[in-house]
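**Student:** Dropping in work38.pdb, which is PDB, C-alpha atoms and all ligand atoms:
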ATOM      1  CA  MET A  23      92.293 -15.982 256.254  1.00  0.00           C
ATOM      2  CA  GLU A  24      93.718 -13.214 254.158  1.00  0.00           C
ATOM      3  CA  ASP A  25      93.058  -9.632 255.083  1.00  0.00           C
ATOM      4  CA  ARG A  26      90.581  -8.472 252.433  1.00  0.00           C
ATOM      5  CA  GLN A  27      90.604  -4.847 253.481  1.00  0.00           C
ATOM      6  CA  LEU A  28      92.323  -2.460 251.093  1.00  0.00           C
ATOM      7  CA  SER A  29      95.120  -1.173 253.236  1.00  0.00           C
ATOM      8  CA  GLY A  30      96.602   1.379 250.870  1.00  0.00           C
ATOM      9  CA  GLU A  31      99.866  -0.544 250.852  1.00  0.00           C
ATOM     10  CA  PHE A  32     101.231  -1.800 247.557  1.00  0.00           C
ATOM     11  CA  LYS A  33     102.345  -5.372 247.048  1.00  0.00           C
ATOM     12  CA  TRP A  34     103.585  -6.786 243.760  1.00  0.00           C
ATOM     13  CA  SER A  35     101.100  -9.647 244.127  1.00  0.00           C
ATOM     14  CA  MET A  36      98.254  -7.097 243.795  1.00  0.00           C
ATOM     15  CA  LEU A  37      98.998  -7.046 240.057  1.00  0.00           C
ATOM     16  CA  GLY A  38      97.369 -10.458 239.953  1.00  0.00           C
ATOM     17  CA  ASP A  39      97.562 -13.505 237.738  1.00  0.00           C
ATOM     18  CA  LEU A  40      96.985 -12.290 234.177  1.00  0.00           C
ATOM     19  CA  ASN A  41      97.010 -15.783 232.700  1.00  0.00           C
ATOM     20  CA  LEU A  42      94.191 -16.761 234.974  1.00  0.00           C
ATOM     21  CA  GLY A  43      92.176 -13.556 234.816  1.00  0.00           C
ATOM     22  CA  ARG A  44      92.649 -12.597 231.166  1.00  0.00           C
ATOM     23  CA  GLU A  45      92.505 -15.974 229.521  1.00  0.00           C
ATOM     24  CA  HIS A  46      91.183 -14.640 226.206  1.00  0.00           C
ATOM     25  CA  LEU A  47      92.203 -10.981 226.220  1.00  0.00           C
ATOM     26  CA  GLY A  48      95.790 -11.542 227.344  1.00  0.00           C
ATOM     27  CA  ALA A  49      98.295  -9.384 229.213  1.00  0.00           C
ATOM     28  CA  GLU A  50      98.459  -6.460 226.772  1.00  0.00           C
ATOM     29  CA  MET A  51      96.227  -3.520 225.941  1.00  0.00           C
ATOM     30  CA  PRO A  52      96.581  -0.357 223.819  1.00  0.00           C
ATOM     31  CA  VAL A  53      98.716   2.580 224.971  1.00  0.00           C
ATOM     32  CA  LEU A  54      95.594   4.695 224.467  1.00  0.00           C
ATOM     33  CA  VAL A  55      93.973   3.022 227.483  1.00  0.00           C
ATOM     34  CA  TYR A  56      97.036   3.599 229.671  1.00  0.00           C
ATOM     35  CA  ARG A  57      97.152   7.250 228.656  1.00  0.00           C
ATOM     36  CA  LEU A  58      93.438   7.721 229.190  1.00  0.00           C
ATOM     37  CA  PHE A  59      93.941   6.403 232.737  1.00  0.00           C
ATOM     38  CA  GLN A  60      97.014   8.544 233.382  1.00  0.00           C
ATOM     39  CA  TYR A  61      95.792  11.849 231.939  1.00  0.00           C
ATOM     40  CA  THR A  62      92.344  11.714 233.501  1.00  0.00           C
ATOM     41  CA  MET A  63      94.013  10.904 236.836  1.00  0.00           C
ATOM     42  CA  ARG A  64      96.367  13.891 236.378  1.00  0.00           C
ATOM     43  CA  ALA A  65      93.433  16.157 235.530  1.00  0.00           C
ATOM     44  CA  VAL A  66      91.363  15.122 238.539  1.00  0.00           C
ATOM     45  CA  LEU A  67      94.288  15.294 240.989  1.00  0.00           C
ATOM     46  CA  ALA A  68      95.243  18.743 239.634  1.00  0.00           C
ATOM     47  CA  ARG A  69      91.649  19.940 239.927  1.00  0.00           C
ATOM     48  CA  GLU A  70      91.291  18.635 243.479  1.00  0.00           C
ATOM     49  CA  TYR A  71      94.753  19.430 244.886  1.00  0.00           C
ATOM     50  CA  GLY A  72      96.434  21.824 242.443  1.00  0.00           C
ATOM     51  CA  THR A  73      99.050  21.152 239.770  1.00  0.00           C
ATOM     52  CA  GLU A  74     102.054  21.173 242.078  1.00  0.00           C
ATOM     53  CA  GLU A  75     100.582  18.579 244.395  1.00  0.00           C
ATOM     54  CA  MET A  76      99.465  16.446 241.452  1.00  0.00           C
ATOM     55  CA  ILE A  77     103.049  16.444 240.157  1.00  0.00           C
ATOM     56  CA  ARG A  78     104.388  15.546 243.604  1.00  0.00           C
ATOM     57  CA  LEU A  79     101.928  12.639 243.893  1.00  0.00           C
ATOM     58  CA  PHE A  80     102.797  11.360 240.415  1.00  0.00           C
ATOM     59  CA  ARG A  81     106.514  11.469 241.226  1.00  0.00           C
ATOM     60  CA  LYS A  82     105.932   9.638 244.496  1.00  0.00           C
ATOM     61  CA  SER A  83     103.824   6.954 242.820  1.00  0.00           C
ATOM     62  CA  GLY A  84     106.432   6.574 240.090  1.00  0.00           C
ATOM     63  CA  GLU A  85     109.124   6.212 242.724  1.00  0.00           C
ATOM     64  CA  LEU A  86     107.222   3.450 244.495  1.00  0.00           C
ATOM     65  CA  ALA A  87     106.704   1.755 241.123  1.00  0.00           C
ATOM     66  CA  GLY A  88     110.421   2.054 240.333  1.00  0.00           C
ATOM     67  CA  GLU A  89     111.434   0.553 243.673  1.00  0.00           C
ATOM     68  CA  GLU A  90     109.020  -2.353 243.292  1.00  0.00           C
ATOM     69  CA  PHE A  91     110.002  -2.833 239.645  1.00  0.00           C
ATOM     70  CA  ALA A  92     113.680  -2.950 240.625  1.00  0.00           C
ATOM     71  CA  GLU A  93     113.032  -5.487 243.367  1.00  0.00           C
ATOM     72  CA  ASN A  94     110.682  -7.739 241.433  1.00  0.00           C
ATOM     73  CA  ILE A  95     111.883  -7.519 237.839  1.00  0.00           C
ATOM     74  CA  LEU A  96     115.536  -6.487 237.876  1.00  0.00           C
ATOM     75  CA  ASP A  97     118.643  -8.199 239.211  1.00  0.00           C
ATOM     76  CA  LEU A  98     120.088  -5.814 241.797  1.00  0.00           C
ATOM     77  CA  THR A  99     123.228  -7.927 242.219  1.00  0.00           C
ATOM     78  CA  LEU A 100     124.506  -7.228 238.680  1.00  0.00           C
ATOM     79  CA  SER A 101     127.496  -4.979 237.981  1.00  0.00           C
ATOM     80  CA  ARG A 102     126.544  -1.423 237.107  1.00  0.00           C
ATOM     81  CA  GLU A 103     126.988  -1.910 233.368  1.00  0.00           C
ATOM     82  CA  ALA A 104     125.091  -5.190 233.290  1.00  0.00           C
ATOM     83  CA  PHE A 105     122.337  -3.639 235.399  1.00  0.00           C
ATOM     84  CA  PHE A 106     121.939  -0.702 233.004  1.00  0.00           C
ATOM     85  CA  ALA A 107     121.842  -3.148 230.072  1.00  0.00           C
ATOM     86  CA  GLU A 108     119.193  -5.248 231.791  1.00  0.00           C
ATOM     87  CA  LEU A 109     117.122  -2.161 232.567  1.00  0.00           C
ATOM     88  CA  GLN A 110     117.336  -1.060 228.939  1.00  0.00           C
ATOM     89  CA  GLU A 111     116.234  -4.497 227.774  1.00  0.00           C
ATOM     90  CA  LYS A 112     113.299  -4.720 230.198  1.00  0.00           C
ATOM     91  CA  LEU A 113     111.974  -1.261 229.330  1.00  0.00           C
ATOM     92  CA  LYS A 114     111.995  -2.241 225.671  1.00  0.00           C
ATOM     93  CA  GLU A 115     110.485  -5.648 226.286  1.00  0.00           C
ATOM     94  CA  LEU A 116     107.677  -4.112 228.349  1.00  0.00           C
ATOM     95  CA  GLN A 117     107.219  -1.390 225.710  1.00  0.00           C
ATOM     96  CA  ILE A 118     107.820   1.418 228.207  1.00  0.00           C
ATOM     97  CA  GLY A 119     110.399   3.126 226.019  1.00  0.00           C
ATOM     98  CA  ILE A 120     113.815   2.970 224.419  1.00  0.00           C
ATOM     99  CA  LEU A 121     116.325   3.811 227.133  1.00  0.00           C
ATOM    100  CA  ARG A 122     119.813   5.128 226.568  1.00  0.00           C
ATOM    101  CA  PHE A 123     122.376   6.167 229.150  1.00  0.00           C
ATOM    102  CA  GLU A 124     124.062   9.251 227.746  1.00  0.00           C
ATOM    103  CA  GLU A 125     126.292   9.905 230.705  1.00  0.00           C
ATOM    104  CA  PHE A 126     127.198   8.304 233.968  1.00  0.00           C
ATOM    105  CA  ASP A 127     129.723   9.774 236.348  1.00  0.00           C
ATOM    106  CA  GLU A 128     131.236   7.015 238.498  1.00  0.00           C
ATOM    107  CA  GLU A 129     132.493   9.557 241.031  1.00  0.00           C
ATOM    108  CA  ASN A 130     129.358  11.418 241.973  1.00  0.00           C
ATOM    109  CA  GLY A 131     126.696   9.128 240.493  1.00  0.00           C
ATOM    110  CA  HIS A 132     125.332  11.806 238.141  1.00  0.00           C
ATOM    111  CA  ALA A 133     123.423  10.231 235.235  1.00  0.00           C
ATOM    112  CA  VAL A 134     121.820  11.547 232.080  1.00  0.00           C
ATOM    113  CA  LEU A 135     119.456   9.219 230.300  1.00  0.00           C
ATOM    114  CA  THR A 136     117.019   9.467 227.442  1.00  0.00           C
ATOM    115  CA  VAL A 137     113.814   7.592 226.731  1.00  0.00           C
ATOM    116  CA  GLY A 138     112.624   7.415 223.144  1.00  0.00           C
ATOM    117  CA  GLU A 139     109.051   6.526 222.159  1.00  0.00           C
ATOM    118  CA  ASP A 140     108.127   7.080 225.790  1.00  0.00           C
ATOM    119  CA  LEU A 141     104.905   5.404 226.915  1.00  0.00           C
ATOM    120  CA  ASP A 142     103.717   8.506 228.761  1.00  0.00           C
ATOM    121  CA  CYS A 143     104.326  11.329 226.329  1.00  0.00           C
ATOM    122  CA  SER A 144     105.594  10.376 222.889  1.00  0.00           C
ATOM    123  CA  GLY A 145     103.221  11.856 220.307  1.00  0.00           C
ATOM    124  CA  LEU A 146     101.484  14.221 222.732  1.00  0.00           C
ATOM    125  CA  PRO A 147     100.550  17.709 221.544  1.00  0.00           C
ATOM    126  CA  VAL A 148     103.219  20.250 222.471  1.00  0.00           C
ATOM    127  CA  SER A 149     102.171  22.068 225.647  1.00  0.00           C
ATOM    128  CA  GLY A 150     105.562  23.460 226.566  1.00  0.00           C
ATOM    129  CA  GLU A 151     105.748  21.446 229.789  1.00  0.00           C
ATOM    130  CA  CYS A 152     107.637  18.305 230.824  1.00  0.00           C
ATOM    131  CA  VAL A 153     104.865  15.865 231.696  1.00  0.00           C
ATOM    132  CA  CYS A 154     106.725  12.666 232.536  1.00  0.00           C
ATOM    133  CA  ASN A 155     106.579  13.103 236.302  1.00  0.00           C
ATOM    134  CA  TYR A 156     105.728   9.449 236.838  1.00  0.00           C
ATOM    135  CA  ASP A 157     108.880   8.533 234.876  1.00  0.00           C
ATOM    136  CA  GLU A 158     110.938  10.942 236.978  1.00  0.00           C
ATOM    137  CA  GLY A 159     109.854   9.015 240.040  1.00  0.00           C
ATOM    138  CA  PHE A 160     110.226   5.648 238.308  1.00  0.00           C
ATOM    139  CA  ILE A 161     113.844   6.344 237.371  1.00  0.00           C
ATOM    140  CA  SER A 162     114.564   7.752 240.858  1.00  0.00           C
ATOM    141  CA  GLY A 163     113.142   4.604 242.457  1.00  0.00           C
ATOM    142  CA  ILE A 164     115.131   2.221 240.264  1.00  0.00           C
ATOM    143  CA  LEU A 165     118.452   4.044 240.675  1.00  0.00           C
ATOM    144  CA  GLY A 166     117.812   4.495 244.386  1.00  0.00           C
ATOM    145  CA  LYS A 167     117.261   0.753 244.872  1.00  0.00           C
ATOM    146  CA  TYR A 168     120.302  -0.217 242.846  1.00  0.00           C
ATOM    147  CA  PHE A 169     122.707   2.297 244.376  1.00  0.00           C
ATOM    148  CA  LYS A 170     121.132   1.939 247.840  1.00  0.00           C
ATOM    149  CA  ARG A 171     120.732   5.660 248.328  1.00  0.00           C
ATOM    150  CA  PRO A 172     118.012   8.123 247.375  1.00  0.00           C
ATOM    151  CA  TYR A 173     118.111   9.478 243.850  1.00  0.00           C
ATOM    152  CA  GLU A 174     116.283  12.319 242.214  1.00  0.00           C
ATOM    153  CA  ALA A 175     115.617  12.319 238.471  1.00  0.00           C
ATOM    154  CA  VAL A 176     114.309  15.435 236.746  1.00  0.00           C
ATOM    155  CA  GLU A 177     113.021  15.550 233.198  1.00  0.00           C
ATOM    156  CA  VAL A 178     114.721  18.277 231.182  1.00  0.00           C
ATOM    157  CA  ASP A 179     113.490  17.448 227.660  1.00  0.00           C
ATOM    158  CA  CYS A 180     110.100  15.975 226.783  1.00  0.00           C
ATOM    159  CA  TRP A 181     108.013  15.301 223.691  1.00  0.00           C
ATOM    160  CA  ALA A 182     105.376  17.602 225.214  1.00  0.00           C
ATOM    161  CA  ARG A 183     107.965  20.390 225.119  1.00  0.00           C
ATOM    162  CA  GLY A 184     108.701  19.800 221.473  1.00  0.00           C
ATOM    163  CA  ASP A 185     111.677  17.423 221.885  1.00  0.00           C
ATOM    164  CA  ARG A 186     112.002  14.069 220.150  1.00  0.00           C
ATOM    165  CA  VAL A 187     113.063  12.144 223.235  1.00  0.00           C
ATOM    166  CA  CYS A 188     112.608  12.580 226.957  1.00  0.00           C
ATOM    167  CA  ARG A 189     115.841  13.364 228.747  1.00  0.00           C
ATOM    168  CA  PHE A 190     116.327  12.925 232.475  1.00  0.00           C
ATOM    169  CA  GLU A 191     119.102  14.162 234.738  1.00  0.00           C
ATOM    170  CA  ALA A 192     119.544  12.062 237.847  1.00  0.00           C
ATOM    171  CA  ASN A 193     121.538  12.881 240.953  1.00  0.00           C
ATOM    172  CA  LYS A 194     122.002  11.463 244.406  1.00  0.00           C
ATOM    173  CA  ARG A 195     119.755  13.324 246.795  1.00  0.00           C
TER     174      ARG A 195
HETATM  175 ZN    ZN B 201     108.394  13.173 228.433  1.00  0.00          ZN
END
Could you write out this structure as structure tokens?
Ligand SMILES: [Zn+2]
**Tutor:**
Amino acid sequence: MEDRQLSGEFKWSMLGDLNLGREHLGAEMPVLVYRLFQYTMRAVLAREYGTEEMIRLFRKSGELAGEEFAENILDLTLSREAFFAELQEKLKELQIGILRFEEFDEENGHAVLTVGEDLDCSGLPVSGECVCNYDEGFISGILGKYFKRPYEAVEVDCWARGDRVCRFEANKR
């Protein structure tokens, strides 16, 4: 018998069978719902643990998501260019955002990438802060899985800071 206790561990299979469970409503739902979930979660975590800890937890969750996404959705055996192209395609297909690699340094692995129409922040009121901490982790997790060494992505431009795209700088840790 399967262990029915919630263990706190993530498994891709936890995402369930959407064809079975959402026969009439389908696999999609409005961005509004996703943002409502994300920004209420941010608010409660910040209230309970402080802003810094909330950001750390969002980055960590994003990183786990990125690692799992890379393993379950992406082909990690592709050449670097083909992998970047596949990633770009998947993020568009899943309506996460429009990804562009602006820079990639073969020698030290430094990458600069932008995400347009970002799921998390595009259209947000300008608060002066970079808010895409989940994306920072997500990108870190994906690059870390592909390059087989820890990566750290930091958002330097964000819609919420008044920019038109989110821009991330990623480096090997
Ligand atoms: Zn952003």
**Student:** Which value, in Å to one decimal, gives the distance between atom CA of A:Arg102 and atom CA of A:Ser144?
**Tutor:**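 Separation of atom CA of A:Arg102 and atom CA of A:Ser144: 27.9 Å.
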**Student:** Excluding stretch 129-133 of chain A and its own-chain neighbours fewer than 3 positions away, which residues fall within 8 Å of it when counting all atoms listed in the file? Please give them as a PyMOL selection string.
**Tutor:** chain A and resi 123-126+191-194
**Student:** Using 7 Å as the limit and counting only C-alpha atoms and all ligand atoms, can you tabulate each residue of chain A that touches ligand ZN 201 (chain B), with its shortest atom-to-atom distance in Å and the two atoms involved, as JSON lines?
**Tutor:**
{"residue": "A:Asp140", "atom": "CA", "partner": "B:ZN201", "partner_atom": "ZN", "distance": 6.6}
{"residue": "A:Asp142", "atom": "CA", "partner": "B:ZN201", "partner_atom": "ZN", "distance": 6.6}
{"residue": "A:Cys143", "atom": "CA", "partner": "B:ZN201", "partner_atom": "ZN", "distance": 4.9}
{"residue": "A:Ser144", "atom": "CA", "partner": "B:ZN201", "partner_atom": "ZN", "distance": 6.8}
{"residue": "A:Cys152", "atom": "CA", "partner": "B:ZN201", "partner_atom": "ZN", "distance": 5.7}
{"residue": "A:Val153", "atom": "CA", "partner": "B:ZN201", "partner_atom": "ZN", "distance": 5.5}
{"residue": "A:Cys154", "atom": "CA", "partner": "B:ZN201", "partner_atom": "ZN", "distance": 4.5}
{"residue": "A:Asp179", "atom": "CA", "partner": "B:ZN201", "partner_atom": "ZN", "distance": 6.7}
{"residue": "A:Cys180", "atom": "CA", "partner": "B:ZN201", "partner_atom": "ZN", "distance": 3.7}
{"residue": "A:Trp181", "atom": "CA", "partner": "B:ZN201", "partner_atom": "ZN", "distance": 5.2}
{"residue": "A:Ala182", "atom": "CA", "partner": "B:ZN201", "partner_atom": "ZN", "distance": 6.3}
{"residue": "A:Cys188", "atom": "CA", "partner": "B:ZN201", "partner_atom": "ZN", "distance": 4.5}
**Student:** Compare A:Ile161, A:Gly166, A:Lys82, A:Ile77 by their minimum atom-to-atom distance to A:Gln110, counting all atoms listed in the file, and give me the closest one.
**Tutor:**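 For A:Gln110, the nearest of the candidates is A:Ile161.
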**Student:** Find the residues near A:Glu158: any atom within 9 Å, counting all atoms listed in the file, skip ones fewer than 3 places away on the same chain, and give them as an MDAnalysis selection string.
**Tutor:** chainID A and resid 80:81 84:85 154:155 161:163 174:177 190 192
**Student:** Please check which residues have atoms at most 10 Å from (100.3, 5.4, 226.7) in the file's coordinates, counting only C-alpha atoms, and write them as a ChimeraX atom specification.
**Tutor:** /A:51-61,117-118,139-146
**Student:** Any chance you could resolve the PyMOL selection byres (((chain A and resi 33) around 12) and not hetatm) against this file and give the residues as a count of residues only?
**Tutor:** 17
**Student:** Is it possible to get the residues within 12 Å of (123.3, -6.7, 241.1) (coordinates as in the file, counting only C-alpha atoms) written as an mmCIF file with C-alpha atoms, keeping the file's coordinate frame?
**Tutor:**
data_model
loop_
_atom_site.group_PDB
_atom_site.id
_atom_site.type_symbol
_atom_site.label_atom_id
_atom_site.label_comp_id
_atom_site.auth_asym_id
_atom_site.auth_seq_id
_atom_site.Cartn_x
_atom_site.Cartn_y
_atom_site.Cartn_z
ATOM 1 C CA ALA A 92 113.680 -2.950 240.625
ATOM 2 C CA GLU A 93 113.032 -5.487 243.367
ATOM 3 C CA ILE A 95 111.883 -7.519 237.839
ATOM 4 C CA LEU A 96 115.536 -6.487 237.876
ATOM 5 C CA ASP A 97 118.643 -8.199 239.211
ATOM 6 C CA LEU A 98 120.088 -5.814 241.797
ATOM 7 C CA THR A 99 123.228 -7.927 242.219
ATOM 8 C CA LEU A 100 124.506 -7.228 238.680
ATOM 9 C CA SER A 101 127.496 -4.979 237.981
ATOM 10 C CA ARG A 102 126.544 -1.423 237.107
ATOM 11 C CA GLU A 103 126.988 -1.910 233.368
ATOM 12 C CA ALA A 104 125.091 -5.190 233.290
ATOM 13 C CA PHE A 105 122.337 -3.639 235.399
ATOM 14 C CA PHE A 106 121.939 -0.702 233.004
ATOM 15 C CA ALA A 107 121.842 -3.148 230.072
ATOM 16 C CA GLU A 108 119.193 -5.248 231.791
ATOM 17 C CA LEU A 109 117.122 -2.161 232.567
ATOM 18 C CA LEU A 165 118.452 4.044 240.675
ATOM 19 C CA LYS A 167 117.261 0.753 244.872
ATOM 20 C CA TYR A 168 120.302 -0.217 242.846
ATOM 21 C CA PHE A 169 122.707 2.297 244.376
ATOM 22 C CA LYS A 170 121.132 1.939 247.840
#
**Student:** Taking the file above as input, evaluate the PyMOL selection byres (((chain A and resi 149) around 8) and not hetatm) and report the hits as a VMD selection string.
**Tutor:** chain A and resid 147 to 148 150 to 151 182 to 183
**Student:** State, in Å with one decimal place, the distance from atom CA of A:Tyr173 to atom CA of A:Arg78.
**Tutor:** 15.0 Å
**Student:** What is the distance between atom CA of A:Val178 and atom CA of A:Glu75, in Å to one decimal?
**Tutor:**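 Straight-line distance from atom CA of A:Val178 to atom CA of A:Glu75 works out to 19.4 Å.
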**Student:** Near A:Leu40, counting all atoms listed in the file, which residues have an atom at most 8 Å away, once you skip same-chain residues fewer than 5 positions from it, shown as a count of residues only?
**Tutor:** 3
**Student:** From the options A:Ile164, A:Leu67, A:Val187, A:Leu47, which residue's atoms come nearest to A:Thr136, counting all atoms listed in the file?
**Tutor:** A:Val187
